[in-house]
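Since the structure comes first, as C-alpha cells, the remarks are kept for the end.
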Amino acid sequence: MEFKNECDHNCTCSTYTVATQSLDEMDFERGIWYAAQYGDLERIKKLVKDKHCVNMKDSAGYTALHYAARNGHFAVCKFLLENGAQVDAITKGHSTALCRAALTGKEDIVDLLLSNNANPLIKDSDGKTALHRAAENKHYGICKKLLSVAPILNEMKDNRGNVPDIGD
C-alpha cells in the first residue's frame, strides 16, 4: 500500500511511504477472529463452510468465540458453539470466553456460555475467575448468575489472595 506525501511548498516533489502491516495483523484480518470481533456472521458462516476451523487460535491464543463473547455478538457465539467451538478454550493468559464476557458485562453471552457448560471455576494467569472479572467491573447481575451456578466461586482467591468483591 502506498501513500503519497505532498510537500509543503506545492511543487512536484513528493515522497512515498509504504504502510506496513505485520503478518499476524494480516492473518487476524483475514481469519475468523476479525469477523467474530465485529459480529460478521455471514463471513463466519462462509469461513466455517469452507472448513475454516472454529477453534483456530490467533497469535495470543484467542479463538473466534473469545472475540465474539467479549464484544457481545450473541448470534456469532451461538453459531460458533453450534459448529464445534470449544466453550472453555483458553488463551496464553488462560482466559476463557466466559471470562471475557463477564469482564465486559455481556450477560446474555454469559448465560449462553453457561448453558453450553462453560466452566466458571477456570482461573486465568492472574488467578482470577469470571466472577473476579465481573466483580471488578461491577457487573453484579453476572456475579449473581455465576454464584448461582458455582457458589464456591465466592471463596476462590486470586494470585494476590483476594476473593471477589461482589458488592453485597
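Every chain in the C-alpha cells has a letter given in the order shown (A, B, ...), and although residue numbers restart at 1 in each chain, ligands are simply numbered from 1 in the order shown.
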List every residue of region 31-106 of chain A that has an atom at most 7 Å from any atom of region 125-138 of chain A, and for each one report the closest atom pair and its distance in Å to one decimal, counting only C-alpha atoms, with rows sorted by chain and then by increasing residue number, as a Markdown table.
| residue | atom | partner | partner_atom | distance |
| --- | --- | --- | --- | --- |
| A:Gly93 | CA | A:Ser125 | CA | 5.2 |
| A:His94 | CA | A:Ser125 | CA | 5.6 |
| A:Leu98 | CA | A:Ala130 | CA | 6.3 |
| A:Cys99 | CA | A:Ala130 | CA | 4.3 |
| A:Ala102 | CA | A:Ala134 | CA | 4.8 |
| A:Leu103 | CA | A:Arg133 | CA | 4.8 |
| A:Gly105 | CA | A:Ala134 | CA | 6.8 |
Could those residues be written to a file, using N, CA and C atoms, as a compact mmCIF listing (two decimals), in the first residue's frame?
# COMPACT_ATOMS: atom_id res chain seq x y z
N GLY A 93 -2.89 -16.42 28.25
CA GLY A 93 -3.08 -15.89 29.61
C GLY A 93 -4.14 -16.64 30.39
N HIS A 94 -4.58 -17.78 29.85
CA HIS A 94 -5.55 -18.68 30.46
C HIS A 94 -6.95 -18.09 30.58
N LEU A 98 -15.89 -17.15 28.70
CA LEU A 98 -16.72 -16.77 29.84
C LEU A 98 -16.09 -15.61 30.60
N CYS A 99 -14.79 -15.67 30.82
CA CYS A 99 -14.09 -14.56 31.49
C CYS A 99 -14.23 -13.28 30.69
N ALA A 102 -17.81 -11.96 30.98
CA ALA A 102 -18.05 -11.45 32.33
C ALA A 102 -17.34 -10.12 32.55
N LEU A 103 -16.14 -10.02 32.07
CA LEU A 103 -15.34 -8.80 32.18
C LEU A 103 -16.04 -7.61 31.55
N GLY A 105 -19.32 -7.40 30.80
CA GLY A 105 -20.72 -7.24 31.17
C GLY A 105 -21.73 -7.75 30.17
Do a neighbour search on Ala36 (chain A) at 9 Å with only C-alpha atoms, toss out local chain neighbours closer than 5 positions, and write the hits as a ChimeraX atom specification. /A:41,43-44,63-69,71,73,76-77
Keeping only N, CA and C atoms, write the selected residues to a file as a tab-separated table (two decimals), in the first residue's frame.
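Dumped to again-v7.tsv:
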chain	number	residue	atom	x	y	z
A	41	LEU	N	-21.42	-12.32	10.98
A	41	LEU	CA	-21.90	-13.71	10.97
A	41	LEU	C	-21.82	-14.33	9.58
A	43	ARG	N	-19.71	-13.76	7.15
A	43	ARG	CA	-18.31	-14.13	6.86
A	43	ARG	C	-17.91	-15.37	7.65
A	44	ILE	N	-18.32	-15.42	8.89
A	44	ILE	CA	-18.01	-16.58	9.73
A	44	ILE	C	-18.64	-17.84	9.15
A	63	THR	N	-9.57	-17.49	20.43
A	63	THR	CA	-10.40	-18.08	19.39
A	63	THR	C	-11.47	-17.07	18.97
A	64	ALA	N	-12.19	-17.40	17.93
A	64	ALA	CA	-13.30	-16.55	17.49
A	64	ALA	C	-14.32	-16.38	18.61
A	65	LEU	N	-14.54	-17.44	19.39
A	65	LEU	CA	-15.51	-17.35	20.49
A	65	LEU	C	-15.07	-16.32	21.53
A	66	HIS	N	-13.80	-16.23	21.82
A	66	HIS	CA	-13.31	-15.19	22.75
A	66	HIS	C	-13.69	-13.80	22.24
A	67	TYR	N	-13.42	-13.55	20.96
A	67	TYR	CA	-13.69	-12.23	20.39
A	67	TYR	C	-15.18	-11.92	20.36
A	68	ALA	N	-15.97	-12.88	19.93
A	68	ALA	CA	-17.41	-12.65	19.85
A	68	ALA	C	-18.01	-12.46	21.24
A	69	ALA	N	-17.55	-13.22	22.22
A	69	ALA	CA	-18.06	-13.11	23.59
A	69	ALA	C	-17.72	-11.76	24.18
A	71	ASN	N	-17.19	-9.00	22.73
A	71	ASN	CA	-17.86	-7.90	22.05
A	71	ASN	C	-19.38	-8.04	22.01
A	73	HIS	N	-21.50	-10.39	20.70
A	73	HIS	CA	-22.16	-10.84	19.47
A	73	HIS	C	-22.81	-12.21	19.71
A	76	VAL	N	-23.27	-14.74	16.78
A	76	VAL	CA	-21.99	-15.31	16.39
A	76	VAL	C	-21.57	-16.37	17.40
A	77	CYS	N	-21.68	-16.05	18.69
A	77	CYS	CA	-21.33	-17.03	19.74
A	77	CYS	C	-22.16	-18.30	19.59
Would you give me, as a ChimeraX atom specification, the residues in region 115-144 of chain A that DSSP reads as alpha helix (DSSP H)? /A:115,130-136,140-144
Let me make sure I understand: among A:Leu121, A:Ile142, A:Asp88, A:Leu47, which one has the smallest atom-to-atom distance to Ala101 (chain A) if we use only C-alpha atoms? A:Ile142
If we count only C-alpha atoms and set the cut-off at 10 Å, which residues sit around Asn154 (chain A), ignoring sequence neighbours fewer than 3 positions away in its own chain? Please answer as a PDB file with all heavy atoms, in the first residue's frame.
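See result-v6.pdb below for the written result:
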ATOM      1  N   THR A 129     -11.096 -15.726  38.357  1.00  0.00           N
ATOM      2  CA  THR A 129     -12.183 -16.421  37.676  1.00  0.00           C
ATOM      3  C   THR A 129     -13.056 -15.389  36.963  1.00  0.00           C
ATOM      4  O   THR A 129     -12.860 -14.177  37.116  1.00  0.00           O
ATOM      5  CB  THR A 129     -13.055 -17.190  38.684  1.00  0.00           C
ATOM      6  OG1 THR A 129     -13.677 -16.232  39.562  1.00  0.00           O
ATOM      7  CG2 THR A 129     -12.238 -18.199  39.491  1.00  0.00           C
ATOM      8  N   LEU A 131     -15.924 -14.670  37.883  1.00  0.00           N
ATOM      9  CA  LEU A 131     -16.536 -13.889  38.961  1.00  0.00           C
ATOM     10  C   LEU A 131     -15.647 -12.716  39.375  1.00  0.00           C
ATOM     11  O   LEU A 131     -16.131 -11.602  39.562  1.00  0.00           O
ATOM     12  CB  LEU A 131     -16.852 -14.770  40.170  1.00  0.00           C
ATOM     13  CG  LEU A 131     -17.511 -14.031  41.342  1.00  0.00           C
ATOM     14  CD1 LEU A 131     -18.875 -13.480  40.951  1.00  0.00           C
ATOM     15  CD2 LEU A 131     -17.630 -14.954  42.549  1.00  0.00           C
ATOM     16  N   HIS A 132     -14.361 -12.962  39.526  1.00  0.00           N
ATOM     17  CA  HIS A 132     -13.440 -11.862  39.842  1.00  0.00           C
ATOM     18  C   HIS A 132     -13.568 -10.752  38.791  1.00  0.00           C
ATOM     19  O   HIS A 132     -13.644  -9.571  39.130  1.00  0.00           O
ATOM     20  CB  HIS A 132     -11.979 -12.344  39.843  1.00  0.00           C
ATOM     21  CG  HIS A 132     -11.571 -13.136  41.025  1.00  0.00           C
ATOM     22  ND1 HIS A 132     -11.608 -14.512  41.030  1.00  0.00           N
ATOM     23  CD2 HIS A 132     -11.081 -12.765  42.236  1.00  0.00           C
ATOM     24  CE1 HIS A 132     -11.159 -14.953  42.191  1.00  0.00           C
ATOM     25  NE2 HIS A 132     -10.830 -13.915  42.948  1.00  0.00           N
ATOM     26  N   CYS A 143     -22.416 -11.524  38.391  1.00  0.00           N
ATOM     27  CA  CYS A 143     -21.910 -12.148  39.624  1.00  0.00           C
ATOM     28  C   CYS A 143     -22.957 -13.093  40.207  1.00  0.00           C
ATOM     29  O   CYS A 143     -22.639 -14.223  40.592  1.00  0.00           O
ATOM     30  CB  CYS A 143     -21.540 -11.080  40.653  1.00  0.00           C
ATOM     31  SG  CYS A 143     -20.119 -10.061  40.210  1.00  0.00           S
ATOM     32  N   LEU A 146     -23.228 -16.291  38.111  1.00  0.00           N
ATOM     33  CA  LEU A 146     -22.083 -17.181  38.307  1.00  0.00           C
ATOM     34  C   LEU A 146     -22.155 -17.868  39.668  1.00  0.00           C
ATOM     35  O   LEU A 146     -21.876 -19.060  39.784  1.00  0.00           O
ATOM     36  CB  LEU A 146     -20.778 -16.399  38.159  1.00  0.00           C
ATOM     37  CG  LEU A 146     -20.476 -15.918  36.744  1.00  0.00           C
ATOM     38  CD1 LEU A 146     -19.347 -14.891  36.755  1.00  0.00           C
ATOM     39  CD2 LEU A 146     -20.139 -17.089  35.831  1.00  0.00           C
ATOM     40  N   LEU A 147     -22.546 -17.130  40.691  1.00  0.00           N
ATOM     41  CA  LEU A 147     -22.650 -17.723  42.035  1.00  0.00           C
ATOM     42  C   LEU A 147     -23.790 -18.730  42.129  1.00  0.00           C
ATOM     43  O   LEU A 147     -23.696 -19.697  42.880  1.00  0.00           O
ATOM     44  CB  LEU A 147     -22.810 -16.626  43.086  1.00  0.00           C
ATOM     45  CG  LEU A 147     -21.535 -15.845  43.366  1.00  0.00           C
ATOM     46  CD1 LEU A 147     -21.834 -14.603  44.202  1.00  0.00           C
ATOM     47  CD2 LEU A 147     -20.503 -16.728  44.053  1.00  0.00           C
ATOM     48  N   ALA A 150     -22.125 -21.804  40.650  1.00  0.00           N
ATOM     49  CA  ALA A 150     -20.969 -22.311  41.404  1.00  0.00           C
ATOM     50  C   ALA A 150     -20.720 -21.430  42.634  1.00  0.00           C
ATOM     51  O   ALA A 150     -19.882 -20.528  42.601  1.00  0.00           O
ATOM     52  CB  ALA A 150     -19.730 -22.340  40.504  1.00  0.00           C
ATOM     53  N   PRO A 151     -21.436 -21.675  43.718  1.00  0.00           N
ATOM     54  CA  PRO A 151     -21.288 -20.854  44.926  1.00  0.00           C
ATOM     55  C   PRO A 151     -19.854 -20.792  45.469  1.00  0.00           C
ATOM     56  O   PRO A 151     -19.472 -19.797  46.089  1.00  0.00           O
ATOM     57  CB  PRO A 151     -22.221 -21.521  45.935  1.00  0.00           C
ATOM     58  CG  PRO A 151     -23.195 -22.306  45.121  1.00  0.00           C
ATOM     59  CD  PRO A 151     -22.466 -22.705  43.879  1.00  0.00           C
ATOM     60  N   LYS A 157      -9.641 -17.515  45.747  1.00  0.00           N
ATOM     61  CA  LYS A 157      -8.712 -16.397  45.814  1.00  0.00           C
ATOM     62  C   LYS A 157      -7.888 -16.298  44.534  1.00  0.00           C
ATOM     63  O   LYS A 157      -7.539 -17.312  43.930  1.00  0.00           O
ATOM     64  CB  LYS A 157      -7.761 -16.576  47.005  1.00  0.00           C
ATOM     65  CG  LYS A 157      -8.481 -16.524  48.331  1.00  0.00           C
ATOM     66  CD  LYS A 157      -7.523 -16.706  49.486  1.00  0.00           C
ATOM     67  CE  LYS A 157      -8.303 -16.643  50.801  1.00  0.00           C
ATOM     68  NZ  LYS A 157      -7.418 -16.804  51.954  1.00  0.00           N
ATOM     69  N   VAL A 163     -10.408 -12.482  47.353  1.00  0.00           N
ATOM     70  CA  VAL A 163     -11.663 -13.086  46.904  1.00  0.00           C
ATOM     71  C   VAL A 163     -12.434 -12.012  46.140  1.00  0.00           C
ATOM     72  O   VAL A 163     -12.194 -10.816  46.326  1.00  0.00           O
ATOM     73  CB  VAL A 163     -12.500 -13.633  48.099  1.00  0.00           C
ATOM     74  CG1 VAL A 163     -11.786 -14.783  48.777  1.00  0.00           C
ATOM     75  CG2 VAL A 163     -12.866 -12.545  49.074  1.00  0.00           C
ATOM     76  N   PRO A 164     -13.369 -12.415  45.285  1.00  0.00           N
ATOM     77  CA  PRO A 164     -14.138 -11.417  44.529  1.00  0.00           C
ATOM     78  C   PRO A 164     -14.957 -10.509  45.468  1.00  0.00           C
ATOM     79  O   PRO A 164     -15.548 -10.983  46.426  1.00  0.00           O
ATOM     80  CB  PRO A 164     -15.075 -12.257  43.660  1.00  0.00           C
ATOM     81  CG  PRO A 164     -14.468 -13.614  43.632  1.00  0.00           C
ATOM     82  CD  PRO A 164     -13.735 -13.779  44.920  1.00  0.00           C
ATOM     83  N   ASP A 165     -14.956  -9.228  45.179  1.00  0.00           N
ATOM     84  CA  ASP A 165     -15.758  -8.262  45.932  1.00  0.00           C
ATOM     85  C   ASP A 165     -17.046  -8.055  45.157  1.00  0.00           C
ATOM     86  O   ASP A 165     -17.080  -7.281  44.195  1.00  0.00           O
ATOM     87  CB  ASP A 165     -14.999  -6.945  46.088  1.00  0.00           C
ATOM     88  CG  ASP A 165     -15.795  -5.892  46.831  1.00  0.00           C
ATOM     89  OD1 ASP A 165     -16.900  -6.191  47.338  1.00  0.00           O
ATOM     90  OD2 ASP A 165     -15.303  -4.753  46.902  1.00  0.00           O
ATOM     91  N   ILE A 166     -18.086  -8.756  45.570  1.00  0.00           N
ATOM     92  CA  ILE A 166     -19.341  -8.719  44.804  1.00  0.00           C
ATOM     93  C   ILE A 166     -20.299  -7.619  45.260  1.00  0.00           C
ATOM     94  O   ILE A 166     -21.452  -7.602  44.856  1.00  0.00           O
ATOM     95  CB  ILE A 166     -20.029 -10.092  44.796  1.00  0.00           C
ATOM     96  CG1 ILE A 166     -20.313 -10.587  46.209  1.00  0.00           C
ATOM     97  CG2 ILE A 166     -19.206 -11.097  44.026  1.00  0.00           C
ATOM     98  CD1 ILE A 166     -21.201 -11.771  46.269  1.00  0.00           C
TER      99      ILE A 166
END
Do you have the CA of Arg70 (chain A)-CA of Asn119 (chain A) distance handy?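 Straight-line distance from CA of Arg70 (chain A) to CA of Asn119 (chain A) works out to 16.5 Å.
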Give the answer as one residue: which of A:Tyr34, A:Lys45, A:Thr91, A:Ala60 has the shortest atom-to-atom distance to Ala75 (chain A), using only C-alpha atoms?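 Ranked by minimum distance to Ala75 (chain A), first place goes to A:Lys45.
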In terms of the shortest atom-to-atom distance over only C-alpha atoms, which of A:Glu155, A:Arg100, A:Ser59, A:Phe79 is closest to Lys46 (chain A)? A:Phe79
Using only C-alpha atoms, which residues sit within 7 Å of Val54 (chain A) once same-chain residues fewer than 2 positions away are excluded, as a VMD selection string? chain A and resid 48 52 56 64 80 84 to 85
What is the CA of Tyr140 (chain A) to CA of Glu107 (chain A) distance in Å?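 Value for the CA of Tyr140 (chain A)-CA of Glu107 (chain A) distance: 10.0 Å.
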